[in-house]
$ cat model.cif   # mmCIF, C-alpha atoms (C1' of nucleotides)
data_structure
#
loop_
_atom_site.group_PDB
_atom_site.id
_atom_site.type_symbol
_atom_site.label_atom_id
_atom_site.label_comp_id
_atom_site.auth_asym_id
_atom_site.auth_seq_id
_atom_site.Cartn_x
_atom_site.Cartn_y
_atom_site.Cartn_z
ATOM 1 C CA MET O 194 -21.188 -28.234 -23.365
ATOM 2 C CA LYS O 195 -21.483 -24.820 -24.870
ATOM 3 C CA LYS O 196 -19.251 -23.555 -27.639
ATOM 4 C CA ILE O 197 -17.063 -20.702 -26.653
ATOM 5 C CA ASN O 198 -14.070 -21.227 -28.893
ATOM 6 C CA GLY O 199 -15.068 -18.588 -31.401
ATOM 7 C CA GLU O 200 -15.819 -16.132 -28.673
ATOM 8 C CA LEU O 201 -12.520 -16.865 -26.939
ATOM 9 C CA LYS O 202 -10.520 -16.058 -30.051
ATOM 10 C CA GLN O 203 -12.423 -12.845 -30.570
ATOM 11 C CA ILE O 204 -11.983 -11.637 -27.003
ATOM 12 C CA LYS O 205 -8.292 -12.433 -26.887
ATOM 13 C CA GLN O 206 -7.764 -10.077 -29.784
ATOM 14 C CA CYS O 207 -9.381 -7.132 -28.056
ATOM 15 C CA PRO O 208 -7.482 -6.062 -24.923
ATOM 16 C CA GLU O 209 -10.433 -4.122 -23.573
ATOM 17 C CA SER O 210 -12.990 -6.888 -23.726
ATOM 18 C CA PHE O 211 -10.349 -9.323 -22.474
ATOM 19 C CA VAL O 212 -9.900 -7.247 -19.332
ATOM 20 C CA LEU O 213 -13.651 -6.920 -18.877
ATOM 21 C CA ALA O 214 -14.237 -10.660 -19.238
ATOM 22 C CA VAL O 215 -11.444 -11.635 -16.864
ATOM 23 C CA ASN O 216 -12.736 -9.085 -14.390
ATOM 24 C CA ASP O 217 -16.091 -10.878 -14.369
ATOM 25 C CA THR O 218 -14.288 -13.882 -12.976
ATOM 26 C CA LEU O 219 -12.101 -11.891 -10.658
ATOM 27 C CA ASN O 220 -15.148 -10.318 -9.053
ATOM 28 C CA VAL O 221 -16.345 -13.745 -7.995
ATOM 29 C CA VAL O 222 -13.405 -14.062 -5.595
ATOM 30 C CA SER O 223 -12.706 -10.432 -4.839
ATOM 31 C CA GLY O 224 -12.637 -9.321 -1.250
ATOM 32 C CA LYS O 225 -11.313 -10.864 1.886
ATOM 33 C CA TRP O 226 -13.946 -13.532 2.500
ATOM 34 C CA LYS O 227 -15.264 -15.005 -0.761
ATOM 35 C CA LEU O 228 -12.392 -17.413 -1.220
ATOM 36 C CA PRO O 229 -12.635 -18.834 2.324
ATOM 37 C CA ILE O 230 -16.402 -19.215 1.872
ATOM 38 C CA ILE O 231 -16.126 -20.965 -1.476
ATOM 39 C CA SER O 232 -13.363 -23.213 -0.162
ATOM 40 C CA SER O 233 -15.424 -24.141 2.845
ATOM 41 C CA LEU O 234 -18.444 -24.958 0.694
ATOM 42 C CA ALA O 235 -16.225 -26.966 -1.634
ATOM 43 C CA PHE O 236 -16.208 -29.611 1.087
ATOM 44 C CA GLY O 237 -19.995 -29.847 1.092
ATOM 45 C CA LYS O 238 -23.166 -27.951 1.958
ATOM 46 C CA LYS O 239 -23.138 -26.033 5.208
ATOM 47 C CA ARG O 240 -25.435 -24.012 7.414
ATOM 48 C CA PHE O 241 -24.866 -20.368 8.312
ATOM 49 C CA LYS O 242 -23.547 -21.023 11.790
ATOM 50 C CA ALA O 243 -21.330 -23.839 10.568
ATOM 51 C CA LEU O 244 -19.680 -21.472 8.084
ATOM 52 C CA GLU O 245 -19.321 -18.840 10.767
ATOM 53 C CA ARG O 246 -17.535 -21.334 12.988
ATOM 54 C CA GLU O 247 -15.337 -22.715 10.232
ATOM 55 C CA ILE O 248 -14.120 -19.395 8.902
ATOM 56 C CA PRO O 249 -11.980 -17.773 11.574
ATOM 57 C CA LYS O 250 -12.723 -14.137 12.446
ATOM 58 C CA ILE O 251 -15.533 -13.595 9.961
ATOM 59 C CA THR O 252 -18.421 -11.550 11.327
ATOM 60 C CA PRO O 253 -22.054 -12.523 10.643
ATOM 61 C CA ARG O 254 -22.434 -9.242 8.793
ATOM 62 C CA MET O 255 -19.710 -10.080 6.299
ATOM 63 C CA LEU O 256 -20.758 -13.704 5.984
ATOM 64 C CA SER O 257 -24.314 -12.669 5.246
ATOM 65 C CA LYS O 258 -23.260 -10.011 2.756
ATOM 66 C CA GLU O 259 -20.823 -12.208 0.881
ATOM 67 C CA LEU O 260 -23.224 -15.134 0.725
ATOM 68 C CA LYS O 261 -25.801 -12.815 -0.834
ATOM 69 C CA ASP O 262 -23.220 -11.635 -3.364
ATOM 70 C CA LEU O 263 -22.266 -15.189 -4.229
ATOM 71 C CA GLU O 264 -25.908 -16.197 -4.516
ATOM 72 C CA MET O 265 -26.686 -13.290 -6.827
ATOM 73 C CA ASN O 266 -23.700 -14.257 -8.960
ATOM 74 C CA GLY O 267 -24.935 -17.832 -9.267
ATOM 75 C CA ILE O 268 -22.036 -19.376 -7.362
ATOM 76 C CA VAL O 269 -23.923 -20.392 -4.243
ATOM 77 C CA LYS O 270 -27.426 -21.786 -3.749
ATOM 78 C CA ARG O 271 -29.408 -20.965 -0.620
ATOM 79 C CA THR O 272 -32.065 -23.379 0.587
ATOM 80 C CA VAL O 273 -34.448 -22.687 3.444
ATOM 81 C CA HIS O 274 -35.827 -25.754 5.189
ATOM 82 C CA ALA O 275 -39.228 -25.402 6.866
ATOM 83 C CA THR O 276 -38.021 -26.879 10.119
ATOM 84 C CA ILE O 277 -38.687 -25.246 13.486
ATOM 85 C CA PRO O 278 -36.737 -23.091 13.795
ATOM 86 C CA VAL O 279 -35.884 -22.668 10.126
ATOM 87 C CA THR O 280 -32.524 -23.948 8.977
ATOM 88 C CA VAL O 281 -30.736 -22.540 5.987
ATOM 89 C CA GLU O 282 -28.282 -24.443 3.861
ATOM 90 C CA TYR O 283 -25.702 -23.061 1.478
ATOM 91 C CA GLU O 284 -24.053 -25.040 -1.271
ATOM 92 C CA LEU O 285 -22.089 -24.459 -4.454
ATOM 93 C CA THR O 286 -24.023 -24.360 -7.718
ATOM 94 C CA LYS O 287 -22.735 -26.142 -10.809
ATOM 95 C CA SER O 288 -20.886 -22.975 -11.758
ATOM 96 C CA GLY O 289 -19.539 -22.799 -8.228
ATOM 97 C CA GLU O 290 -18.275 -26.358 -8.493
ATOM 98 C CA SER O 291 -16.647 -25.664 -11.837
ATOM 99 C CA PHE O 292 -14.872 -22.716 -10.303
ATOM 100 C CA LYS O 293 -12.689 -25.176 -8.427
ATOM 101 C CA LYS O 294 -10.620 -25.699 -11.540
ATOM 102 C CA VAL O 295 -9.864 -21.986 -11.696
ATOM 103 C CA LEU O 296 -8.714 -22.154 -8.098
ATOM 104 C CA ASN O 297 -6.514 -25.126 -8.900
ATOM 105 C CA VAL O 298 -4.773 -23.308 -11.710
ATOM 106 C CA MET O 299 -4.216 -20.370 -9.375
ATOM 107 C CA LEU O 300 -2.809 -22.695 -6.758
ATOM 108 C CA GLU O 301 -0.383 -24.286 -9.205
ATOM 109 C CA TRP O 302 0.800 -20.985 -10.571
ATOM 110 C CA GLY O 303 1.212 -19.596 -7.073
ATOM 111 C CA LEU O 304 3.413 -22.490 -5.995
ATOM 112 C CA LEU O 305 5.571 -22.382 -9.114
ATOM 113 C CA HIS O 306 5.880 -18.622 -8.933
ATOM 114 C CA ARG O 307 6.982 -18.798 -5.322
ATOM 115 C CA LYS O 308 9.681 -21.304 -6.278
ATOM 116 C CA ASN O 309 10.836 -19.087 -9.141
ATOM 117 C CA VAL O 310 11.029 -15.981 -7.020
ATOM 118 C CA MET O 311 12.727 -17.761 -4.136
ATOM 119 C CA GLY O 312 15.243 -19.348 -6.477
ATOM 120 C CA LYS O 313 16.350 -16.018 -7.863
ATOM 121 C CA LYS O 314 17.045 -14.403 -4.503
ATOM 122 C CA MET B 177 10.461 -27.681 -14.473
ATOM 123 C CA LYS B 178 10.096 -27.900 -10.757
ATOM 124 C CA LYS B 179 8.166 -30.636 -9.035
ATOM 125 C CA ILE B 180 5.134 -29.453 -7.188
ATOM 126 C CA ASN B 181 2.871 -32.507 -7.392
ATOM 127 C CA GLY B 182 3.534 -33.663 -3.855
ATOM 128 C CA GLU B 183 3.066 -30.191 -2.507
ATOM 129 C CA LEU B 184 -0.165 -29.776 -4.473
ATOM 130 C CA LYS B 185 -1.692 -32.879 -2.939
ATOM 131 C CA GLN B 186 -0.689 -31.812 0.528
ATOM 132 C CA ILE B 187 -2.097 -28.310 0.219
ATOM 133 C CA LYS B 188 -5.371 -29.481 -1.264
ATOM 134 C CA GLN B 189 -5.986 -31.491 1.870
ATOM 135 C CA CYS B 190 -5.594 -28.534 4.200
ATOM 136 C CA PRO B 191 -8.271 -25.872 3.622
ATOM 137 C CA GLU B 192 -6.264 -23.212 5.433
ATOM 138 C CA SER B 193 -3.067 -23.521 3.465
ATOM 139 C CA PHE B 194 -5.126 -23.910 0.287
ATOM 140 C CA VAL B 195 -6.711 -20.519 0.906
ATOM 141 C CA LEU B 196 -3.353 -18.964 1.728
ATOM 142 C CA ALA B 197 -1.714 -20.317 -1.409
ATOM 143 C CA VAL B 198 -4.532 -19.253 -3.720
ATOM 144 C CA ASN B 199 -4.482 -15.838 -2.101
ATOM 145 C CA ASP B 200 -0.848 -15.460 -3.109
ATOM 146 C CA THR B 201 -2.000 -15.652 -6.697
ATOM 147 C CA LEU B 202 -5.047 -13.514 -6.166
ATOM 148 C CA ASN B 203 -2.927 -10.705 -4.766
ATOM 149 C CA VAL B 204 -1.064 -10.507 -8.049
ATOM 150 C CA VAL B 205 -4.192 -9.232 -9.796
ATOM 151 C CA SER B 206 -6.003 -7.575 -6.925
ATOM 152 C CA GLY B 207 -7.054 -3.979 -7.267
ATOM 153 C CA LYS B 208 -8.428 -1.987 -10.124
ATOM 154 C CA TRP B 209 -5.320 -1.574 -12.246
ATOM 155 C CA LYS B 210 -3.056 -4.642 -12.099
ATOM 156 C CA LEU B 211 -5.004 -6.618 -14.646
ATOM 157 C CA PRO B 212 -5.037 -3.795 -17.221
ATOM 158 C CA ILE B 213 -1.302 -3.300 -16.673
ATOM 159 C CA ILE B 214 -0.448 -6.981 -17.051
ATOM 160 C CA SER B 215 -2.683 -7.259 -20.103
ATOM 161 C CA SER B 216 -1.037 -4.271 -21.675
ATOM 162 C CA LEU B 217 2.444 -5.664 -21.027
ATOM 163 C CA ALA B 218 1.340 -9.024 -22.383
ATOM 164 C CA PHE B 219 1.559 -7.425 -25.816
ATOM 165 C CA GLY B 220 5.194 -6.469 -25.302
ATOM 166 C CA LYS B 221 7.489 -4.199 -23.329
ATOM 167 C CA LYS B 222 6.325 -0.663 -22.805
ATOM 168 C CA ARG B 223 7.526 2.616 -21.354
ATOM 169 C CA PHE B 224 5.830 4.455 -18.527
ATOM 170 C CA LYS B 225 4.144 7.047 -20.688
ATOM 171 C CA ALA B 226 3.051 4.434 -23.189
ATOM 172 C CA LEU B 227 1.297 2.493 -20.424
ATOM 173 C CA GLU B 228 -0.247 5.683 -19.137
ATOM 174 C CA ARG B 229 -1.644 6.416 -22.576
ATOM 175 C CA GLU B 230 -2.837 2.884 -23.215
ATOM 176 C CA ILE B 231 -4.682 2.410 -19.957
ATOM 177 C CA PRO B 232 -7.636 4.766 -19.931
ATOM 178 C CA LYS B 233 -8.099 6.919 -16.826
ATOM 179 C CA ILE B 234 -5.146 5.622 -14.854
ATOM 180 C CA THR B 235 -3.240 8.302 -12.955
ATOM 181 C CA PRO B 236 0.584 8.337 -12.846
ATOM 182 C CA ARG B 237 0.348 7.806 -9.087
ATOM 183 C CA MET B 238 -1.531 4.539 -9.450
ATOM 184 C CA LEU B 239 0.528 3.370 -12.407
ATOM 185 C CA SER B 240 3.747 4.002 -10.499
ATOM 186 C CA LYS B 241 2.451 2.313 -7.353
ATOM 187 C CA GLU B 242 1.103 -0.756 -9.105
ATOM 188 C CA LEU B 243 4.224 -1.174 -11.238
ATOM 189 C CA LYS B 244 6.289 -1.150 -8.038
ATOM 190 C CA ASP B 245 4.003 -3.768 -6.506
ATOM 191 C CA LEU B 246 4.251 -5.944 -9.587
ATOM 192 C CA GLU B 247 8.015 -5.523 -9.684
ATOM 193 C CA MET B 248 8.360 -6.494 -6.029
ATOM 194 C CA ASN B 249 6.224 -9.545 -6.675
ATOM 195 C CA GLY B 250 8.428 -10.633 -9.553
ATOM 196 C CA ILE B 251 5.778 -10.173 -12.242
ATOM 197 C CA VAL B 252 7.272 -7.174 -13.979
ATOM 198 C CA LYS B 253 10.848 -6.211 -14.743
ATOM 199 C CA ARG B 254 11.930 -2.579 -14.829
ATOM 200 C CA THR B 255 14.857 -1.499 -16.963
ATOM 201 C CA VAL B 256 16.364 1.972 -16.971
ATOM 202 C CA HIS B 257 18.158 2.989 -20.147
ATOM 203 C CA ALA B 258 20.896 5.604 -19.864
ATOM 204 C CA THR B 259 19.510 7.701 -22.670
ATOM 205 C CA ILE B 260 18.996 11.432 -22.374
ATOM 206 C CA PRO B 261 16.531 11.876 -20.885
ATOM 207 C CA VAL B 262 16.378 8.465 -19.223
ATOM 208 C CA THR B 263 13.796 6.064 -20.539
ATOM 209 C CA VAL B 264 12.353 3.270 -18.477
ATOM 210 C CA GLU B 265 10.991 0.068 -19.875
ATOM 211 C CA TYR B 266 8.639 -2.356 -18.214
ATOM 212 C CA GLU B 267 8.124 -5.942 -19.292
ATOM 213 C CA LEU B 268 6.696 -9.163 -17.927
ATOM 214 C CA THR B 269 9.098 -11.568 -16.243
ATOM 215 C CA LYS B 270 8.950 -15.288 -16.946
ATOM 216 C CA SER B 271 6.514 -15.625 -14.077
ATOM 217 C CA GLY B 272 4.525 -12.761 -15.491
ATOM 218 C CA GLU B 273 4.390 -14.476 -18.855
ATOM 219 C CA SER B 274 3.275 -17.728 -17.285
ATOM 220 C CA PHE B 275 0.501 -15.866 -15.528
ATOM 221 C CA LYS B 276 -1.228 -15.564 -18.888
ATOM 222 C CA LYS B 277 -2.453 -19.127 -18.577
ATOM 223 C CA VAL B 278 -4.166 -18.275 -15.295
ATOM 224 C CA LEU B 279 -5.879 -15.390 -17.034
ATOM 225 C CA ASN B 280 -6.970 -17.660 -19.853
ATOM 226 C CA VAL B 281 -8.598 -20.118 -17.463
ATOM 227 C CA MET B 282 -10.378 -17.218 -15.781
ATOM 228 C CA LEU B 283 -11.550 -15.974 -19.144
ATOM 229 C CA GLU B 284 -12.915 -19.367 -20.136
ATOM 230 C CA TRP B 285 -14.691 -19.901 -16.835
ATOM 231 C CA GLY B 286 -16.151 -16.404 -16.987
ATOM 232 C CA LEU B 287 -17.616 -16.956 -20.435
ATOM 233 C CA LEU B 288 -19.082 -20.352 -19.579
ATOM 234 C CA HIS B 289 -20.434 -19.069 -16.288
ATOM 235 C CA ARG B 290 -22.123 -16.176 -17.990
ATOM 236 C CA LYS B 291 -23.796 -18.580 -20.421
ATOM 237 C CA ASN B 292 -24.949 -20.788 -17.555
ATOM 238 C CA VAL B 293 -26.398 -17.919 -15.572
ATOM 239 C CA MET B 294 -28.061 -16.352 -18.595
ATOM 240 C CA GLY B 295 -29.562 -19.677 -19.606
ATOM 241 C CA LYS B 296 -31.261 -20.155 -16.278
ATOM 242 C CA LYS B 297 -33.012 -16.783 -16.180
ATOM 243 C "C1'" DG M 4 12.612 31.944 -22.725
ATOM 244 C "C1'" DT M 5 8.811 29.216 -22.819
ATOM 245 C "C1'" DA M 6 6.543 25.189 -23.904
ATOM 246 C "C1'" DA M 7 6.695 20.244 -24.076
ATOM 247 C "C1'" DC M 8 8.347 15.556 -23.135
ATOM 248 C "C1'" DT M 9 10.233 12.021 -19.739
ATOM 249 C "C1'" DA M 10 9.310 9.490 -15.389
ATOM 250 C "C1'" DC M 11 7.747 10.184 -11.772
ATOM 251 C "C1'" DT M 12 6.420 12.088 -6.365
ATOM 252 C "C1'" DA M 13 3.687 14.854 -2.758
ATOM 253 C "C1'" DT M 14 -0.327 16.273 -0.558
ATOM 254 C "C1'" DA M 15 -4.970 16.138 0.257
ATOM 255 C "C1'" DC M 16 -9.035 14.269 -0.458
ATOM 256 C "C1'" DT M 17 -13.247 10.794 -1.375
ATOM 257 C "C1'" DA M 18 -15.117 6.274 -1.751
ATOM 258 C "C1'" DA M 19 -15.241 1.546 -0.856
ATOM 259 C "C1'" DA M 20 -14.324 -2.339 2.053
ATOM 260 C "C1'" DG M 21 -14.219 -4.270 6.374
ATOM 261 C "C1'" DT M 22 -14.850 -4.286 11.728
ATOM 262 C "C1'" DA M 23 -17.091 -3.833 16.291
ATOM 263 C "C1'" DT M 24 -20.905 -4.123 18.936
ATOM 264 C "C1'" DA M 25 -25.459 -4.692 19.747
ATOM 265 C "C1'" DG M 26 -29.816 -6.511 18.999
ATOM 266 C "C1'" DC M 27 -34.009 -8.853 16.580
ATOM 267 C "C1'" DG M 28 -37.676 -12.791 16.401
ATOM 268 C "C1'" DC M 29 -37.963 -17.368 16.967
ATOM 269 C "C1'" DT M 30 -37.629 -21.930 19.790
ATOM 270 C "C1'" DA M 31 -35.759 -25.400 22.891
ATOM 271 C "C1'" DT M 32 -33.743 -26.566 27.180
ATOM 272 C "C1'" DA M 33 -32.813 -26.105 32.441
ATOM 273 C "C1'" DT N 89 -37.919 -17.160 33.978
ATOM 274 C "C1'" DA N 90 -33.229 -17.197 32.212
ATOM 275 C "C1'" DT N 91 -29.994 -18.894 28.928
ATOM 276 C "C1'" DA N 92 -28.581 -20.475 24.664
ATOM 277 C "C1'" DG N 93 -28.816 -21.538 19.746
ATOM 278 C "C1'" DC N 94 -30.401 -20.173 15.020
ATOM 279 C "C1'" DG N 95 -30.030 -16.847 11.085
ATOM 280 C "C1'" DC N 96 -29.546 -13.011 10.542
ATOM 281 C "C1'" DT N 97 -29.807 -7.075 10.503
ATOM 282 C "C1'" DA N 98 -28.665 -2.143 12.115
ATOM 283 C "C1'" DT N 99 -25.663 1.426 13.350
ATOM 284 C "C1'" DA N 100 -21.426 3.464 13.786
ATOM 285 C "C1'" DC N 101 -16.888 3.344 13.097
ATOM 286 C "C1'" DT N 102 -11.931 2.474 11.080
ATOM 287 C "C1'" DT N 103 -8.987 1.140 7.553
ATOM 288 C "C1'" DT N 104 -7.628 0.613 2.858
ATOM 289 C "C1'" DA N 105 -8.026 1.729 -1.970
ATOM 290 C "C1'" DG N 106 -8.356 4.966 -5.327
ATOM 291 C "C1'" DT N 107 -8.738 10.013 -7.197
ATOM 292 C "C1'" DA N 108 -7.576 14.885 -8.078
ATOM 293 C "C1'" DT N 109 -4.351 18.246 -8.576
ATOM 294 C "C1'" DA N 110 -0.096 20.032 -8.569
ATOM 295 C "C1'" DG N 111 4.754 19.911 -8.915
ATOM 296 C "C1'" DT N 112 9.764 17.979 -9.372
ATOM 297 C "C1'" DA N 113 14.360 17.592 -12.299
ATOM 298 C "C1'" DG N 114 16.278 17.032 -16.490
ATOM 299 C "C1'" DT N 115 16.375 17.787 -21.672
ATOM 300 C "C1'" DT N 116 14.956 19.192 -26.348
ATOM 301 C "C1'" DA N 117 12.510 22.022 -29.879
ATOM 302 C "C1'" DC N 118 10.766 26.479 -31.268
#

$ encode --input "model.cif" --output "C-alpha cells"
Amino acid sequence: MKKINGELKQIKQCPESFVLAVNDTLNVVSGKWKLPIISSLAFGKKRFKALEREIPKITPRMLSKELKDLEMNGIVKRTVHATIPVTVEYELTKSGESFKKVLNVMLEWGLLHRKNVMGKK
Amino acid sequence: MKKINGELKQIKQCPESFVLAVNDTLNVVSGKWKLPIISSLAFGKKRFKALEREIPKITPRMLSKELKDLEMNGIVKRTVHATIPVTVEYELTKSGESFKKVLNVMLEWGLLHRKNVMGKK
DNA sequence: GTAACTACTATACTAAAGTATAGCGCTATA
DNA sequence: TATAGCGCTATACTTTAGTATAGTAGTTAC
C-alpha cells in the first residue's frame, strides 16, 4: 500500500487542490453511462454486445465512447481475443475494483440522506 | 441513527436499484459548480457575495441556480436576515455536513488511483 | 445626484453531452 | 444468396449545461 496520509492532510488544507483532487474522482463516473457500465462490469468481465444488452437504451456509440474513456482512465481493461471473428472482453482493473468502495459510500449516504429529507417533510 | 443495513443488502443485489441509488448521490455533486460551492460552505456559513468572490469565475446566475438546487435537495440551508439591506446566509445542512465523508473517500481513492496509474506508465 | 453594495433575475448565446439512424468488414448459418 | 451476429464507426441532429452581458430594487456613503 502506498502512503497518502501526508498528502491527504496537505490537500484538505487547500480548498483549491481539494476540489481538483475530488474532481479527478468525479470525472470517473461523470455522464449518464459510466456508472451503469462500471456496475455491470462489477459482476464480471463482459463482451461488448453483452454490455449493450445489459444496459438498457445505451447506443453502441455511447458504449464505445465511454469504454474508451474508462480504459484511458485506467478503470477498465480491454482484451482482444484472436478468435474468428475477434471477441473483445472488458473488465475492471484493480483501480476499477477498488472504486466499488467509493460507490458503496455513495450508496450509504444516499440512503441516509433520503431518510433525513423524507423525515423532515 | 437510522437502520439501513437491510436495505443496503437488498439494493446491492439488484444492479438497477443500485445504479439508481448511487445516482441520487451523484446528482448532488453533478455539474461544474456544486463541488466548489459545497467545499466553500464546508468552511462555514457564507453570504451570496462572499461565495461569488470565493469561487473563481462563477457567475451570479450559476451560483443562484446551483444554490437553489442544493437547497431543494436538502444540502444547503438558506436564511434571510431582516437587516437593511437584507442579507442572505447559506450553510450546509446536517446532510450537507455528512456529505463531507463521501468527498473524503473520493479524495482518497483519487490519490491512490493516480499513484497506481502513474506507476504503471 | 451619482456611485457602490446587496442579492439576485432576464435574455441571448455557445459549448458540451447525448441520441438517432445508418453502415462497415468480418464470419457463420440456412 | 440472404440473414444474422460481432464490434464497432460516421454523420447529423437535439437537448442540456454553462457563459456573457445587462439590468432590477433597495439602501448607504460621498

$ atom_distance --input "model.cif" --atom1 "atom C1' of DT5 of chain M" --atom2 "atom CA of Leu227 of chain B"
27.9 Å

$ atom_distance --input "model.cif" --atom1 "atom CA of Gly295 of chain B" --atom2 "atom CA of Leu213 of chain O"
20.4 Å

$ interface_residues --input "model.cif" --of "chain N" --to "chain B" --cutoff "9 Å" --atoms "only C-alpha atoms (C1' of nucleotides)" --output "list of chain:residue names"
N:DA105, N:DG106, N:DT107, N:DG114, N:DT115

$ closest_residue --input "model.cif" --among "M:DT30, M:DT9, M:DT17, M:DT24" --to "chain O" --atoms "only C-alpha atoms (C1' of nucleotides)"
M:DT30

$ resolve_selection --input "model.cif" --expression "the PyMOL selection byres ((chain O) within 7 of (chain B))" --output "compact mmCIF listing (two decimals) with C-alpha atoms, keeping the file's coordinate frame"
# COMPACT_ATOMS: atom_id res chain seq x y z
CA PRO O 208 -7.48 -6.06 -24.92
CA VAL O 212 -9.90 -7.25 -19.33
CA ALA O 214 -14.24 -10.66 -19.24
CA VAL O 215 -11.44 -11.64 -16.86
CA ASP O 217 -16.09 -10.88 -14.37
CA THR O 218 -14.29 -13.88 -12.98
CA LEU O 228 -12.39 -17.41 -1.22
CA PRO O 229 -12.64 -18.83 2.32
CA SER O 232 -13.36 -23.21 -0.16
CA GLY O 267 -24.94 -17.83 -9.27
CA SER O 288 -20.89 -22.98 -11.76
CA VAL O 295 -9.86 -21.99 -11.70
CA LEU O 296 -8.71 -22.15 -8.10
CA VAL O 298 -4.77 -23.31 -11.71
CA MET O 299 -4.22 -20.37 -9.38
CA LEU O 300 -2.81 -22.70 -6.76
CA GLY O 303 1.21 -19.60 -7.07
CA HIS O 306 5.88 -18.62 -8.93
CA VAL O 310 11.03 -15.98 -7.02

$ resolve_selection --input "model.cif" --expression "the PyMOL selection byres ((chain M) within 8 of (chain B))" --output "number ranges by chain"
M: 9-12

$ axis_aligned_box --input "model.cif" --around "segment 14-22 of chain M" --padding-each-side "4 Å" --output "lines of an AutoDock Vina configuration file"
center_x = -7.8
center_y = 6.0
center_z = 5.0
size_x = 22.9
size_y = 28.6
size_z = 21.5

$ residues_around --input "model.cif" --residues "Glu264 of chain O" --least-positions-apart "3" --cutoff "10 Å" --atoms "all atoms listed in the file" --output "number ranges by chain"
O: 258-261, 267-271, 283-286, 289

$ resolve_selection --input "model.cif" --expression "the PyMOL selection byres ((chain M and resi 6) around 12)" --output "list of chain:residue names"
M:DG4, M:DT5, M:DA7, M:DC8, N:DT116, N:DA117, N:DC118

$ atom_distance --input "model.cif" --atom1 "atom C1' of DG95 of chain N" --atom2 "atom CA of Lys293 of chain O"
27.4 Å

$ closest_residue --input "model.cif" --among "N:DC101, N:DC96, N:DA90, N:DA108" --to "DC27 of chain M" --atoms "only C-alpha atoms (C1' of nucleotides)"
N:DC96
